[in-house]
file structure_6.pdb (PDB, C-alpha atoms)
ATOM      1  CA  MET A   1     109.964 138.438 330.841  1.00  0.00           C
ATOM      2  CA  LYS A   2     109.222 134.924 329.817  1.00  0.00           C
ATOM      3  CA  ASN A   3     110.485 132.814 332.724  1.00  0.00           C
ATOM      4  CA  MET A   4     111.704 132.809 336.315  1.00  0.00           C
ATOM      5  CA  ASN A   5     115.339 133.221 335.293  1.00  0.00           C
ATOM      6  CA  GLU A   6     114.514 136.430 333.421  1.00  0.00           C
ATOM      7  CA  LEU A   7     112.459 137.639 336.389  1.00  0.00           C
ATOM      8  CA  ARG A   8     115.375 136.969 338.727  1.00  0.00           C
ATOM      9  CA  ASP A   9     117.740 138.840 336.381  1.00  0.00           C
ATOM     10  CA  GLU A  10     115.369 141.829 336.279  1.00  0.00           C
ATOM     11  CA  LEU A  11     115.039 141.853 340.064  1.00  0.00           C
ATOM     12  CA  SER A  12     118.830 141.855 340.355  1.00  0.00           C
ATOM     13  CA  ILE A  13     118.920 144.950 338.157  1.00  0.00           C
ATOM     14  CA  VAL A  14     116.260 146.596 340.336  1.00  0.00           C
ATOM     15  CA  PHE A  15     118.242 145.751 343.482  1.00  0.00           C
ATOM     16  CA  ALA A  16     121.432 147.197 341.993  1.00  0.00           C
ATOM     17  CA  GLY A  17     119.557 150.337 340.919  1.00  0.00           C
ATOM     18  CA  LEU A  18     118.069 150.747 344.365  1.00  0.00           C
ATOM     19  CA  LYS A  19     121.483 150.305 345.907  1.00  0.00           C
ATOM     20  CA  ASN A  20     123.199 152.841 343.647  1.00  0.00           C
ATOM     21  CA  GLY A  21     120.315 155.318 343.754  1.00  0.00           C
ATOM     22  CA  SER A  22     119.261 155.115 340.102  1.00  0.00           C
ATOM     23  CA  ILE A  23     115.885 153.616 341.088  1.00  0.00           C
ATOM     24  CA  LYS A  24     113.647 155.224 343.697  1.00  0.00           C
ATOM     25  CA  PRO A  25     112.479 153.056 346.618  1.00  0.00           C
ATOM     26  CA  GLY A  26     108.809 153.428 345.632  1.00  0.00           C
ATOM     27  CA  GLU A  27     109.517 152.335 342.080  1.00  0.00           C
ATOM     28  CA  ALA A  28     111.523 149.336 343.317  1.00  0.00           C
ATOM     29  CA  ALA A  29     108.702 148.406 345.698  1.00  0.00           C
ATOM     30  CA  GLU A  30     106.167 148.429 342.864  1.00  0.00           C
ATOM     31  CA  MET A  31     108.405 146.266 340.685  1.00  0.00           C
ATOM     32  CA  SER A  32     108.869 143.860 343.566  1.00  0.00           C
ATOM     33  CA  ASN A  33     105.114 143.789 344.132  1.00  0.00           C
ATOM     34  CA  VAL A  34     104.442 142.871 340.500  1.00  0.00           C
ATOM     35  CA  ALA A  35     107.133 140.180 340.620  1.00  0.00           C
ATOM     36  CA  GLY A  36     105.510 138.722 343.730  1.00  0.00           C
ATOM     37  CA  LYS A  37     102.160 138.571 341.968  1.00  0.00           C
ATOM     38  CA  MET A  38     103.750 136.743 339.021  1.00  0.00           C
ATOM     39  CA  ILE A  39     105.345 134.214 341.363  1.00  0.00           C
ATOM     40  CA  ASN A  40     102.105 133.720 343.303  1.00  0.00           C
ATOM     41  CA  SER A  41     100.238 133.150 340.059  1.00  0.00           C
ATOM     42  CA  ALA A  42     102.705 130.408 339.118  1.00  0.00           C
ATOM     43  CA  LYS A  43     102.319 128.878 342.604  1.00  0.00           C
ATOM     44  CA  VAL A  44      98.533 128.734 342.187  1.00  0.00           C
ATOM     45  CA  GLN A  45      99.007 127.007 338.844  1.00  0.00           C
ATOM     46  CA  ILE A  46     101.368 124.459 340.422  1.00  0.00           C
ATOM     47  CA  GLU A  47      98.948 123.795 343.289  1.00  0.00           C
ATOM     48  CA  TYR A  48      96.075 123.307 340.833  1.00  0.00           C
ATOM     49  CA  TYR A  49      98.002 120.729 338.850  1.00  0.00           C
ATOM     50  CA  ALA A  50      99.166 118.994 342.042  1.00  0.00           C
ATOM     51  CA  LEU A  51      95.543 118.584 343.140  1.00  0.00           C
ATOM     52  CA  ARG A  52      94.751 117.033 339.763  1.00  0.00           C
ATOM     53  CA  LYS A  53      97.842 114.826 340.090  1.00  0.00           C
ATOM     54  CA  GLU A  54      99.225 116.243 336.850  1.00  0.00           C
ATOM     55  CA  GLN A  55     102.789 117.244 336.062  1.00  0.00           C
ATOM     56  CA  PRO A  56     102.570 119.732 333.207  1.00  0.00           C
ATOM     57  CA  LYS A  57     105.389 121.833 331.875  1.00  0.00           C
ATOM     58  CA  ILE A  58     104.866 125.441 332.919  1.00  0.00           C
ATOM     59  CA  ALA A  59     106.791 127.698 330.566  1.00  0.00           C
ATOM     60  CA  PHE A  60     107.264 130.474 333.138  1.00  0.00           C
ATOM     61  CA  ILE A  61     108.968 128.069 335.544  1.00  0.00           C
ATOM     62  CA  GLU A  62     110.738 125.901 332.983  1.00  0.00           C
ATOM     63  CA  SER A  63     113.795 127.424 331.375  1.00  0.00           C
ATOM     64  CA  ASN A  64     116.256 126.539 328.676  1.00  0.00           C
ATOM     65  CA  ASP A  65     119.090 127.948 330.783  1.00  0.00           C
ATOM     66  CA  LYS A  66     121.521 125.371 332.027  1.00  0.00           C
TER
END
call {"tool": "encode", "arguments": {"input": "structure_6.pdb", "output": "structure tokens"}}
result
Amino acid sequence: MKNMNELRDELSIVFAGLKNGSIKPGEAAEMSNVAGKMINSAKVQIEYYALRKEQPKIAFIESNDK
């Protein structure tokens, strides 16, 4: 996935699969864990740029979706 919108879409699919039983709880937990690490990585990047008083475009957070 290339951005937060795609991540959110994938997590919605995982949630639906968990709900309907097509995804096992352990598998869903691992996917959620990886997603959390991706989000935390983006947060660290944002904090770094904030400390440098920069406002870069971060592709993972920016999206062409309207």
call {"tool": "resolve_selection", "arguments": {"input": "structure_6.pdb", "expression": "the PyMOL selection byres ((chain A and resi 49-65) around 8)", "output": "JSON list (two decimals) with C-alpha atoms, in the coordinates of the input"}}
result
[["chain", "number", "residue", "atom", "x", "y", "z"],
["A", 2, "LYS", "CA", 109.22, 134.92, 329.82],
["A", 3, "ASN", "CA", 110.48, 132.81, 332.72],
["A", 4, "MET", "CA", 111.70, 132.81, 336.32],
["A", 5, "ASN", "CA", 115.34, 133.22, 335.29],
["A", 42, "ALA", "CA", 102.70, 130.41, 339.12],
["A", 45, "GLN", "CA", 99.01, 127.01, 338.84],
["A", 46, "ILE", "CA", 101.37, 124.46, 340.42],
["A", 47, "GLU", "CA", 98.95, 123.80, 343.29],
["A", 48, "TYR", "CA", 96.08, 123.31, 340.83],
["A", 66, "LYS", "CA", 121.52, 125.37, 332.03]]
call {"tool": "resolve_selection", "arguments": {"input": "structure_6.pdb", "expression": "the PyMOL selection byres ((chain A and resi 7) around 12)", "output": "number ranges by chain"}}
result
A: 1-6, 8-14, 31-32, 34-39, 60-61, 63
call {"tool": "write_last_selection", "arguments": {"input": "structure_6.pdb", "atoms": "C-alpha atoms", "output": "short mmCIF file (atom, residue, chain, number, x, y, z; two decimals), in the frame of the given file"}}
result
data_model
loop_
_atom_site.label_atom_id
_atom_site.label_comp_id
_atom_site.auth_asym_id
_atom_site.auth_seq_id
_atom_site.Cartn_x
_atom_site.Cartn_y
_atom_site.Cartn_z
CA MET A 1 109.96 138.44 330.84
CA LYS A 2 109.22 134.92 329.82
CA ASN A 3 110.48 132.81 332.72
CA MET A 4 111.70 132.81 336.32
CA ASN A 5 115.34 133.22 335.29
CA GLU A 6 114.51 136.43 333.42
CA ARG A 8 115.38 136.97 338.73
CA ASP A 9 117.74 138.84 336.38
CA GLU A 10 115.37 141.83 336.28
CA LEU A 11 115.04 141.85 340.06
CA SER A 12 118.83 141.85 340.36
CA ILE A 13 118.92 144.95 338.16
CA VAL A 14 116.26 146.60 340.34
CA MET A 31 108.40 146.27 340.68
CA SER A 32 108.87 143.86 343.57
CA VAL A 34 104.44 142.87 340.50
CA ALA A 35 107.13 140.18 340.62
CA GLY A 36 105.51 138.72 343.73
CA LYS A 37 102.16 138.57 341.97
CA MET A 38 103.75 136.74 339.02
CA ILE A 39 105.34 134.21 341.36
CA PHE A 60 107.26 130.47 333.14
CA ILE A 61 108.97 128.07 335.54
CA SER A 63 113.80 127.42 331.38
#
call {"tool": "atom_distance", "arguments": {"input": "structure_6.pdb", "atom1": "atom CA of Ala28 of chain A", "atom2": "atom CA of Val44 of chain A"}}
result
24.4 Å
call {"tool": "build_atoms", "arguments": {"input": "structure_6.pdb", "residues": "segment 41-52 of chain A", "atoms": "all heavy atoms", "output": "compact mmCIF listing (two decimals), in the frame of the given file"}}
result
# COMPACT_ATOMS: atom_id res chain seq x y z
N SER A 41 101.07 133.71 341.12
CA SER A 41 100.24 133.15 340.06
C SER A 41 100.78 131.79 339.62
O SER A 41 100.02 130.84 339.43
CB SER A 41 100.21 134.12 338.87
OG SER A 41 99.53 133.54 337.79
N ALA A 42 102.09 131.69 339.49
CA ALA A 42 102.70 130.41 339.12
C ALA A 42 102.49 129.37 340.22
O ALA A 42 102.24 128.19 339.94
CB ALA A 42 104.19 130.60 338.84
N LYS A 43 102.55 129.80 341.49
CA LYS A 43 102.32 128.88 342.60
C LYS A 43 100.90 128.33 342.58
O LYS A 43 100.67 127.14 342.83
CB LYS A 43 102.59 129.58 343.93
CG LYS A 43 104.07 129.78 344.21
CD LYS A 43 104.36 130.70 345.37
CE LYS A 43 103.87 130.22 346.68
NZ LYS A 43 104.27 131.10 347.80
N VAL A 44 99.92 129.18 342.28
CA VAL A 44 98.53 128.73 342.19
C VAL A 44 98.40 127.70 341.07
O VAL A 44 97.73 126.67 341.24
CB VAL A 44 97.58 129.93 341.95
CG1 VAL A 44 96.19 129.46 341.54
CG2 VAL A 44 97.51 130.80 343.18
N GLN A 45 99.05 127.94 339.96
CA GLN A 45 99.01 127.01 338.84
C GLN A 45 99.61 125.66 339.25
O GLN A 45 99.06 124.61 338.96
CB GLN A 45 99.75 127.60 337.65
CG GLN A 45 99.56 126.84 336.37
CD GLN A 45 100.20 127.55 335.18
OE1 GLN A 45 100.84 128.59 335.32
NE2 GLN A 45 100.03 126.98 334.01
N ILE A 46 100.72 125.69 339.96
CA ILE A 46 101.37 124.46 340.42
C ILE A 46 100.45 123.71 341.39
O ILE A 46 100.29 122.48 341.29
CB ILE A 46 102.72 124.78 341.09
CG1 ILE A 46 103.72 125.25 340.05
CG2 ILE A 46 103.26 123.57 341.85
CD1 ILE A 46 104.97 125.87 340.64
N GLU A 47 99.84 124.43 342.33
CA GLU A 47 98.95 123.80 343.29
C GLU A 47 97.74 123.17 342.59
O GLU A 47 97.30 122.07 342.97
CB GLU A 47 98.49 124.81 344.33
CG GLU A 47 99.61 125.25 345.26
CD GLU A 47 99.23 126.44 346.12
OE1 GLU A 47 98.09 126.95 346.01
OE2 GLU A 47 100.09 126.88 346.90
N TYR A 48 97.21 123.84 341.60
CA TYR A 48 96.08 123.31 340.83
C TYR A 48 96.45 121.98 340.18
O TYR A 48 95.72 121.00 340.29
CB TYR A 48 95.65 124.32 339.77
CG TYR A 48 94.65 123.78 338.78
CD1 TYR A 48 93.31 123.64 339.12
CD2 TYR A 48 95.05 123.41 337.50
CE1 TYR A 48 92.39 123.15 338.21
CE2 TYR A 48 94.14 122.91 336.58
CZ TYR A 48 92.81 122.78 336.94
OH TYR A 48 91.91 122.27 336.04
N TYR A 49 97.58 121.97 339.51
CA TYR A 49 98.00 120.73 338.85
C TYR A 49 98.33 119.63 339.86
O TYR A 49 98.08 118.46 339.61
CB TYR A 49 99.18 120.99 337.92
CG TYR A 49 98.77 121.69 336.65
CD1 TYR A 49 99.29 122.93 336.32
CD2 TYR A 49 97.85 121.12 335.79
CE1 TYR A 49 98.90 123.59 335.16
CE2 TYR A 49 97.45 121.75 334.63
CZ TYR A 49 97.98 122.98 334.32
OH TYR A 49 97.59 123.62 333.18
N ALA A 50 98.87 119.99 341.01
CA ALA A 50 99.17 118.99 342.04
C ALA A 50 97.87 118.34 342.54
O ALA A 50 97.83 117.11 342.73
CB ALA A 50 99.91 119.64 343.21
N LEU A 51 96.82 119.14 342.72
CA LEU A 51 95.54 118.58 343.14
C LEU A 51 94.97 117.63 342.10
O LEU A 51 94.30 116.66 342.44
CB LEU A 51 94.54 119.71 343.43
CG LEU A 51 94.81 120.53 344.68
CD1 LEU A 51 93.89 121.74 344.73
CD2 LEU A 51 94.65 119.68 345.93
N ARG A 52 95.24 117.90 340.85
CA ARG A 52 94.75 117.03 339.76
C ARG A 52 95.71 115.88 339.48
O ARG A 52 95.50 115.11 338.57
CB ARG A 52 94.54 117.87 338.50
CG ARG A 52 93.42 118.90 338.66
CD ARG A 52 93.25 119.74 337.41
NE ARG A 52 93.15 118.95 336.21
CZ ARG A 52 91.99 118.55 335.67
NH1 ARG A 52 90.86 118.87 336.24
NH2 ARG A 52 91.99 117.85 334.55
